[in-house]
Amino acid sequence: MLSSIDWILLVVLALSALFGALRGFVAEVLSMVVWIVAFWLAFTYGADVADGLQSQVHDAAGRLLLAYALVFIVAMLVGSVVSWLISAMVKSLGLGDVNRFLGLCYGLVRGALLGCVLVLVLGWTALPQQPQWRTSPLIPLYQAGAEAMKHWLPEAAAQHISFDSVLAQGKQKVMQTLTGPALPALATQALTAASGVVPPASPAASPTGASDHSSPDAVKSPPRRKPAPKRPRKPVTGHASGESSRR
């Protein structure tokens, strides 16, 4: 059963895919590039623009914030015009269907990334310990991406993110089992299976205390051969005795 978090992830994925299909791949990619360039221009040249606003704005913090906003807005306007011109050119070439299909794929990827970011942010809360989080069919898919993004965060922030304590407890139980009393028996069985040598049976294995001679591993002596029966001699006839007397 889908939880509220699952529905939010599905809505984000669907809206991102829809916008990507409507706008097209070229417009979506150019929009992302415009955003990146606008942020870069704002943080690179914002301080220079703030120096030119000293006579208009006397507050240093307000002047710097205004300069960043002006550079960002101007860059976004120029980038939007360039993006619209390029998208119109692609549409005039008859690539509208391909452009929309690629935009749909791009929107799905972007929606999945946004879902991973959302799961990463929720990792700071107590939601990962709730039953609806553990029984969710979609969160484990996004949680793998959130775990990868977690390594990009500073250590001070990443140490406060905990997704699933049940998984950690399961790993701990497995390690305790392997390092406990069962380890020597498991090692003995593994070595025996690898070498092919059957360990000798203990004397107490038989209920009477005697060795089991019916075991297939016991060495059996070959059976004795019976002597061949002797053939009876034929009786000597009178004709044969007469010939022997003549001789």
# chains A, B, ... in the order shown; residues from 1 in each chain; ligands from 1

$ residues_around --residues "Leu41 (chain A)" --least-positions-apart "3" --cutoff "10 Å" --atoms "only C-alpha atoms" --output "JSON, numbers by chain"
{"A": [35, 36, 37, 38, 44, 45, 46, 68, 71, 72, 74, 75]}

$ write_last_selection --atoms "C-alpha atoms" --output "mmCIF file, in the first residue's frame"
data_model
loop_
_atom_site.group_PDB
_atom_site.id
_atom_site.type_symbol
_atom_site.label_atom_id
_atom_site.label_comp_id
_atom_site.auth_asym_id
_atom_site.auth_seq_id
_atom_site.Cartn_x
_atom_site.Cartn_y
_atom_site.Cartn_z
ATOM 1 C CA TRP A 35 20.082 28.502 -14.209
ATOM 2 C CA ILE A 36 23.649 27.311 -13.656
ATOM 3 C CA VAL A 37 25.139 30.212 -15.606
ATOM 4 C CA ALA A 38 22.907 32.727 -13.823
ATOM 5 C CA THR A 44 31.170 35.906 -9.555
ATOM 6 C CA TYR A 45 30.221 39.485 -10.455
ATOM 7 C CA GLY A 46 27.770 40.317 -7.674
ATOM 8 C CA TYR A 68 23.295 39.358 -6.586
ATOM 9 C CA VAL A 71 22.809 39.913 -11.923
ATOM 10 C CA PHE A 72 20.784 36.738 -11.529
ATOM 11 C CA VAL A 74 19.345 39.784 -15.963
ATOM 12 C CA ALA A 75 21.144 36.517 -16.719
#

$ select_by_dssp --residues "region 33-64 of chain A" --states "alpha helix (DSSP H)" --output "PDB file with N, CA and C atoms, in the first residue's frame"
ATOM      1  N   VAL A  33      20.963  24.906 -18.091  1.00  0.00           N
ATOM      2  CA  VAL A  33      22.211  25.624 -18.331  1.00  0.00           C
ATOM      3  C   VAL A  33      22.070  27.090 -17.939  1.00  0.00           C
ATOM      4  N   VAL A  34      20.920  27.685 -18.270  1.00  0.00           N
ATOM      5  CA  VAL A  34      20.691  29.090 -17.931  1.00  0.00           C
ATOM      6  C   VAL A  34      20.701  29.292 -16.417  1.00  0.00           C
ATOM      7  N   TRP A  35      20.077  28.389 -15.667  1.00  0.00           N
ATOM      8  CA  TRP A  35      20.082  28.502 -14.209  1.00  0.00           C
ATOM      9  C   TRP A  35      21.502  28.420 -13.649  1.00  0.00           C
ATOM     10  N   ILE A  36      22.278  27.474 -14.156  1.00  0.00           N
ATOM     11  CA  ILE A  36      23.649  27.311 -13.656  1.00  0.00           C
ATOM     12  C   ILE A  36      24.485  28.542 -13.970  1.00  0.00           C
ATOM     13  N   VAL A  37      24.363  29.033 -15.206  1.00  0.00           N
ATOM     14  CA  VAL A  37      25.139  30.212 -15.606  1.00  0.00           C
ATOM     15  C   VAL A  37      24.698  31.444 -14.818  1.00  0.00           C
ATOM     16  N   ALA A  38      23.400  31.569 -14.569  1.00  0.00           N
ATOM     17  CA  ALA A  38      22.907  32.727 -13.823  1.00  0.00           C
ATOM     18  C   ALA A  38      23.440  32.731 -12.391  1.00  0.00           C
ATOM     19  N   PHE A  39      23.444  31.580 -11.739  1.00  0.00           N
ATOM     20  CA  PHE A  39      24.010  31.505 -10.386  1.00  0.00           C
ATOM     21  C   PHE A  39      25.505  31.812 -10.405  1.00  0.00           C
ATOM     22  N   TRP A  40      26.199  31.296 -11.399  1.00  0.00           N
ATOM     23  CA  TRP A  40      27.643  31.531 -11.466  1.00  0.00           C
ATOM     24  C   TRP A  40      27.945  33.008 -11.681  1.00  0.00           C
ATOM     25  N   LEU A  41      27.195  33.651 -12.581  1.00  0.00           N
ATOM     26  CA  LEU A  41      27.411  35.078 -12.827  1.00  0.00           C
ATOM     27  C   LEU A  41      27.081  35.908 -11.589  1.00  0.00           C
ATOM     28  N   ALA A  42      26.038  35.513 -10.870  1.00  0.00           N
ATOM     29  CA  ALA A  42      25.647  36.279  -9.687  1.00  0.00           C
ATOM     30  C   ALA A  42      26.716  36.216  -8.607  1.00  0.00           C
ATOM     31  N   PHE A  43      27.261  35.027  -8.345  1.00  0.00           N
ATOM     32  CA  PHE A  43      28.275  34.897  -7.297  1.00  0.00           C
ATOM     33  C   PHE A  43      29.649  35.376  -7.758  1.00  0.00           C
ATOM     34  N   THR A  44      29.865  35.461  -9.062  1.00  0.00           N
ATOM     35  CA  THR A  44      31.170  35.906  -9.555  1.00  0.00           C
ATOM     36  C   THR A  44      31.247  37.427  -9.663  1.00  0.00           C
ATOM     37  N   TYR A  45      30.188  38.041 -10.198  1.00  0.00           N
ATOM     38  CA  TYR A  45      30.221  39.485 -10.455  1.00  0.00           C
ATOM     39  C   TYR A  45      29.281  40.263  -9.542  1.00  0.00           C
ATOM     40  N   GLY A  46      28.669  39.597  -8.578  1.00  0.00           N
ATOM     41  CA  GLY A  46      27.770  40.317  -7.674  1.00  0.00           C
ATOM     42  C   GLY A  46      28.490  41.351  -6.833  1.00  0.00           C
ATOM     43  N   ALA A  47      29.685  41.023  -6.375  1.00  0.00           N
ATOM     44  CA  ALA A  47      30.435  41.974  -5.545  1.00  0.00           C
ATOM     45  C   ALA A  47      30.837  43.206  -6.344  1.00  0.00           C
ATOM     46  N   ASP A  48      31.191  43.023  -7.627  1.00  0.00           N
ATOM     47  CA  ASP A  48      31.564  44.177  -8.456  1.00  0.00           C
ATOM     48  C   ASP A  48      30.368  45.091  -8.690  1.00  0.00           C
ATOM     49  N   VAL A  49      29.208  44.490  -8.913  1.00  0.00           N
ATOM     50  CA  VAL A  49      28.004  45.310  -9.094  1.00  0.00           C
ATOM     51  C   VAL A  49      27.637  46.017  -7.793  1.00  0.00           C
ATOM     52  N   ALA A  50      27.874  45.358  -6.656  1.00  0.00           N
ATOM     53  CA  ALA A  50      27.569  45.985  -5.366  1.00  0.00           C
ATOM     54  C   ALA A  50      28.431  47.218  -5.128  1.00  0.00           C
ATOM     55  N   ASP A  51      29.661  47.219  -5.618  1.00  0.00           N
ATOM     56  CA  ASP A  51      30.517  48.399  -5.458  1.00  0.00           C
ATOM     57  C   ASP A  51      29.953  49.601  -6.210  1.00  0.00           C
ATOM     58  N   ALA A  60      25.611  47.647   3.603  1.00  0.00           N
ATOM     59  CA  ALA A  60      26.503  46.751   2.855  1.00  0.00           C
ATOM     60  C   ALA A  60      25.825  45.420   2.537  1.00  0.00           C
ATOM     61  N   ALA A  61      25.148  44.842   3.527  1.00  0.00           N
ATOM     62  CA  ALA A  61      24.500  43.551   3.297  1.00  0.00           C
ATOM     63  C   ALA A  61      23.365  43.680   2.283  1.00  0.00           C
ATOM     64  N   GLY A  62      22.550  44.719   2.421  1.00  0.00           N
ATOM     65  CA  GLY A  62      21.462  44.924   1.470  1.00  0.00           C
ATOM     66  C   GLY A  62      21.974  45.221   0.075  1.00  0.00           C
ATOM     67  N   ARG A  63      23.067  45.981  -0.017  1.00  0.00           N
ATOM     68  CA  ARG A  63      23.644  46.298  -1.324  1.00  0.00           C
ATOM     69  C   ARG A  63      24.162  45.045  -2.015  1.00  0.00           C
ATOM     70  N   LEU A  64      24.814  44.169  -1.265  1.00  0.00           N
ATOM     71  CA  LEU A  64      25.333  42.934  -1.855  1.00  0.00           C
ATOM     72  C   LEU A  64      24.195  42.007  -2.285  1.00  0.00           C
TER      73      LEU A  64
END

$ atom_distance --atom1 "CA of Gly103 (chain A)" --atom2 "CA of Met32 (chain A)"
12.5 Å

$ atom_distance --atom1 "CA of Leu153 (chain A)" --atom2 "CA of Arg134 (chain A)"
23.9 Å

$ atom_distance --atom1 "CA of Ile73 (chain A)" --atom2 "CA of Val109 (chain A)"
26.9 Å

$ residues_around --residues "region 122-132 of chain A" --least-positions-apart "6" --cutoff "12 Å" --atoms "only C-alpha atoms" --output "PyMOL selection string"
chain A and resi 1-6+115-116+138-140+142-143+146-147+149-150+157-167

$ residues_around --residues "Val98 (chain A)" --least-positions-apart "5" --cutoff "10 Å" --atoms "only C-alpha atoms" --output "list in words"
Ala21, Gly24, Phe25, Lys91, Gly103 and Leu104 of chain A

$ closest_residue --among "A:Val90, A:Leu15, A:Val117, A:Leu70" --to "Ala27 (chain A)" --atoms "only C-alpha atoms"
A:Val90

$ closest_residue --among "A:Leu30, A:Val57, A:Leu9, A:Leu65" --to "Leu113 (chain A)" --atoms "only C-alpha atoms"
A:Leu9
